[in-house]
Amino acid sequence: MKKILIMTMATIATTVATAQQLSYPKAEKDGTVDEYFGVKVADPYRWLENDTSAQTAAWVGNC
């Protein structure tokens with residue numbers, strides 16, 4: 001039982017240490033706005049939905 005607890009704690013500590021080192025690339029925002037039933041909703045990251053664009057591929061390559 002102690003071994004399982006120690007192994008679990010070590011795994012959690014390693015995971016937390018690794019997660020704190022991650023840094024995501026900055027994503028550009030655009031001015032895309034949709035209107036639904038008279039309500040305007042901003043969607044500044046819509047360009048990331050186009051998975052075949054060179055801009056999206058460059059951003060994913062930086063991850």
# chains A, B, ... in the order shown; residues from 1 in each chain; ligands from 1
$ select_by_dssp --residues "chain A" --states "helix (DSSP H, G or I)" --output "mmCIF file with N, CA, C and O atoms, in the first residue's frame"
data_model
loop_
_atom_site.group_PDB
_atom_site.id
_atom_site.type_symbol
_atom_site.label_atom_id
_atom_site.label_comp_id
_atom_site.auth_asym_id
_atom_site.auth_seq_id
_atom_site.Cartn_x
_atom_site.Cartn_y
_atom_site.Cartn_z
ATOM 1 N N LYS A 2 1.959 1.231 0.779
ATOM 2 C CA LYS A 2 2.844 2.390 0.835
ATOM 3 C C LYS A 2 3.511 2.627 -0.513
ATOM 4 O O LYS A 2 3.693 3.768 -0.922
ATOM 5 N N LYS A 3 3.856 1.531 -1.211
ATOM 6 C CA LYS A 3 4.495 1.673 -2.522
ATOM 7 C C LYS A 3 3.570 2.372 -3.503
ATOM 8 O O LYS A 3 3.989 3.231 -4.268
ATOM 9 N N ILE A 4 2.315 2.006 -3.490
ATOM 10 C CA ILE A 4 1.343 2.623 -4.398
ATOM 11 C C ILE A 4 1.199 4.107 -4.082
ATOM 12 O O ILE A 4 1.172 4.943 -4.984
ATOM 13 N N LEU A 5 1.127 4.440 -2.806
ATOM 14 C CA LEU A 5 1.007 5.829 -2.408
ATOM 15 C C LEU A 5 2.239 6.633 -2.819
ATOM 16 O O LEU A 5 2.118 7.725 -3.370
ATOM 17 N N ILE A 6 3.407 6.089 -2.607
ATOM 18 C CA ILE A 6 4.650 6.768 -2.982
ATOM 19 C C ILE A 6 4.733 6.940 -4.497
ATOM 20 O O ILE A 6 5.089 8.014 -4.992
ATOM 21 N N MET A 7 4.378 5.906 -5.241
ATOM 22 C CA MET A 7 4.418 5.994 -6.694
ATOM 23 C C MET A 7 3.401 7.016 -7.213
ATOM 24 O O MET A 7 3.684 7.784 -8.135
ATOM 25 N N THR A 8 2.236 7.056 -6.606
ATOM 26 C CA THR A 8 1.219 8.024 -7.003
ATOM 27 C C THR A 8 1.681 9.449 -6.733
ATOM 28 O O THR A 8 1.543 10.334 -7.585
ATOM 29 N N MET A 9 2.253 9.673 -5.578
ATOM 30 C CA MET A 9 2.752 11.001 -5.223
ATOM 31 C C MET A 9 3.884 11.425 -6.155
ATOM 32 O O MET A 9 3.958 12.580 -6.575
ATOM 33 N N ALA A 10 4.763 10.509 -6.497
ATOM 34 C CA ALA A 10 5.865 10.819 -7.410
ATOM 35 C C ALA A 10 5.333 11.163 -8.793
ATOM 36 O O ALA A 10 5.814 12.103 -9.446
ATOM 37 N N THR A 11 4.336 10.444 -9.250
ATOM 38 C CA THR A 11 3.738 10.720 -10.550
ATOM 39 C C THR A 11 3.069 12.087 -10.563
ATOM 40 O O THR A 11 3.226 12.858 -11.512
ATOM 41 N N ILE A 12 2.355 12.396 -9.511
ATOM 42 C CA ILE A 12 1.691 13.702 -9.421
ATOM 43 C C ILE A 12 2.727 14.821 -9.392
ATOM 44 O O ILE A 12 2.581 15.826 -10.088
ATOM 45 N N ALA A 13 3.775 14.666 -8.621
ATOM 46 C CA ALA A 13 4.820 15.694 -8.538
ATOM 47 C C ALA A 13 5.489 15.906 -9.888
ATOM 48 O O ALA A 13 5.749 17.038 -10.309
ATOM 49 N N THR A 14 5.765 14.835 -10.599
ATOM 50 C CA THR A 14 6.385 14.935 -11.923
ATOM 51 C C THR A 14 5.444 15.611 -12.908
ATOM 52 O O THR A 14 5.867 16.464 -13.694
ATOM 53 N N THR A 15 4.182 15.260 -12.864
ATOM 54 C CA THR A 15 3.194 15.846 -13.765
ATOM 55 C C THR A 15 3.048 17.343 -13.515
ATOM 56 O O THR A 15 3.018 18.137 -14.450
ATOM 57 N N VAL A 16 2.985 17.745 -12.271
ATOM 58 C CA VAL A 16 2.857 19.161 -11.923
ATOM 59 C C VAL A 16 4.095 19.926 -12.371
ATOM 60 O O VAL A 16 3.993 21.008 -12.949
ATOM 61 N N ALA A 17 5.265 19.378 -12.149
ATOM 62 C CA ALA A 17 6.506 20.046 -12.553
ATOM 63 C C ALA A 17 6.573 20.202 -14.065
ATOM 64 O O ALA A 17 6.981 21.239 -14.583
ATOM 65 N N THR A 18 6.151 19.201 -14.797
ATOM 66 C CA THR A 18 6.151 19.263 -16.257
ATOM 67 C C THR A 18 5.120 20.273 -16.753
ATOM 68 O O THR A 18 5.391 21.044 -17.666
ATOM 69 N N ALA A 19 3.941 20.286 -16.169
ATOM 70 C CA ALA A 19 2.879 21.187 -16.603
ATOM 71 C C ALA A 19 3.270 22.646 -16.395
ATOM 72 O O ALA A 19 2.898 23.504 -17.177
ATOM 73 N N GLN A 20 4.031 22.945 -15.372
ATOM 74 C CA GLN A 20 4.427 24.320 -15.115
ATOM 75 C C GLN A 20 5.454 24.809 -16.129
ATOM 76 O O GLN A 20 5.631 26.002 -16.294
ATOM 77 N N GLN A 21 6.124 23.923 -16.842
ATOM 78 C CA GLN A 21 7.135 24.310 -17.803
ATOM 79 C C GLN A 21 6.552 24.555 -19.192
ATOM 80 O O GLN A 21 7.234 25.066 -20.058
ATOM 81 N N ARG A 46 -11.271 32.289 -34.680
ATOM 82 C CA ARG A 46 -11.910 31.516 -35.743
ATOM 83 C C ARG A 46 -10.896 31.013 -36.754
ATOM 84 O O ARG A 46 -11.031 29.940 -37.306
ATOM 85 N N TRP A 47 -9.866 31.792 -37.000
ATOM 86 C CA TRP A 47 -8.865 31.403 -38.004
ATOM 87 C C TRP A 47 -8.213 30.071 -37.674
ATOM 88 O O TRP A 47 -7.756 29.362 -38.565
ATOM 89 N N LEU A 48 -8.192 29.675 -36.407
ATOM 90 C CA LEU A 48 -7.598 28.393 -36.022
ATOM 91 C C LEU A 48 -8.462 27.200 -36.448
ATOM 92 O O LEU A 48 -7.982 26.075 -36.473
ATOM 93 N N GLU A 49 -9.720 27.453 -36.785
ATOM 94 C CA GLU A 49 -10.594 26.367 -37.221
ATOM 95 C C GLU A 49 -10.233 25.868 -38.620
ATOM 96 O O GLU A 49 -10.572 24.748 -38.974
ATOM 97 N N ALA A 54 -2.001 27.823 -43.962
ATOM 98 C CA ALA A 54 -0.580 27.933 -43.604
ATOM 99 C C ALA A 54 -0.422 28.610 -42.239
ATOM 100 O O ALA A 54 0.462 28.257 -41.458
ATOM 101 N N GLN A 55 -1.306 29.568 -41.925
ATOM 102 C CA GLN A 55 -1.244 30.286 -40.649
ATOM 103 C C GLN A 55 -1.505 29.337 -39.478
ATOM 104 O O GLN A 55 -0.787 29.366 -38.478
ATOM 105 N N THR A 56 -2.503 28.479 -39.611
ATOM 106 C CA THR A 56 -2.799 27.505 -38.555
ATOM 107 C C THR A 56 -1.673 26.495 -38.415
ATOM 108 O O THR A 56 -1.264 26.155 -37.309
ATOM 109 N N ALA A 57 -1.148 26.023 -39.547
ATOM 110 C CA ALA A 57 -0.044 25.059 -39.512
ATOM 111 C C ALA A 57 1.181 25.655 -38.831
ATOM 112 O O ALA A 57 1.862 24.983 -38.057
ATOM 113 N N ALA A 58 1.456 26.933 -39.082
ATOM 114 C CA ALA A 58 2.597 27.595 -38.438
ATOM 115 C C ALA A 58 2.380 27.710 -36.936
ATOM 116 O O ALA A 58 3.304 27.483 -36.146
ATOM 117 N N TRP A 59 1.149 28.022 -36.519
ATOM 118 C CA TRP A 59 0.863 28.145 -35.100
ATOM 119 C C TRP A 59 0.990 26.785 -34.409
ATOM 120 O O TRP A 59 1.577 26.677 -33.349
ATOM 121 N N VAL A 60 0.450 25.735 -35.032
ATOM 122 C CA VAL A 60 0.526 24.387 -34.454
ATOM 123 C C VAL A 60 1.973 23.931 -34.403
ATOM 124 O O VAL A 60 2.389 23.276 -33.436
ATOM 125 N N GLY A 61 2.761 24.295 -35.382
ATOM 126 C CA GLY A 61 4.181 23.920 -35.398
ATOM 127 C C GLY A 61 4.968 24.540 -34.264
ATOM 128 O O GLY A 61 6.014 24.032 -33.865
#
$ residues_around --residues "region 26-36 of chain A" --least-positions-apart "2" --cutoff "8 Å" --atoms "only C-alpha atoms" --output "list of chain:residue names"
A:Tyr24, A:Gly38, A:Val39, A:Lys40, A:Val41, A:Ala42, A:Asp43, A:Pro44, A:Tyr45, A:Arg46, A:Trp47, A:Trp59
$ select_by_dssp --residues "chain A" --states "strand (DSSP E)" --output "list in words"
Val33, Asp34, Glu35, Tyr36, Val39, Lys40, Val41 and Ala42 of chain A
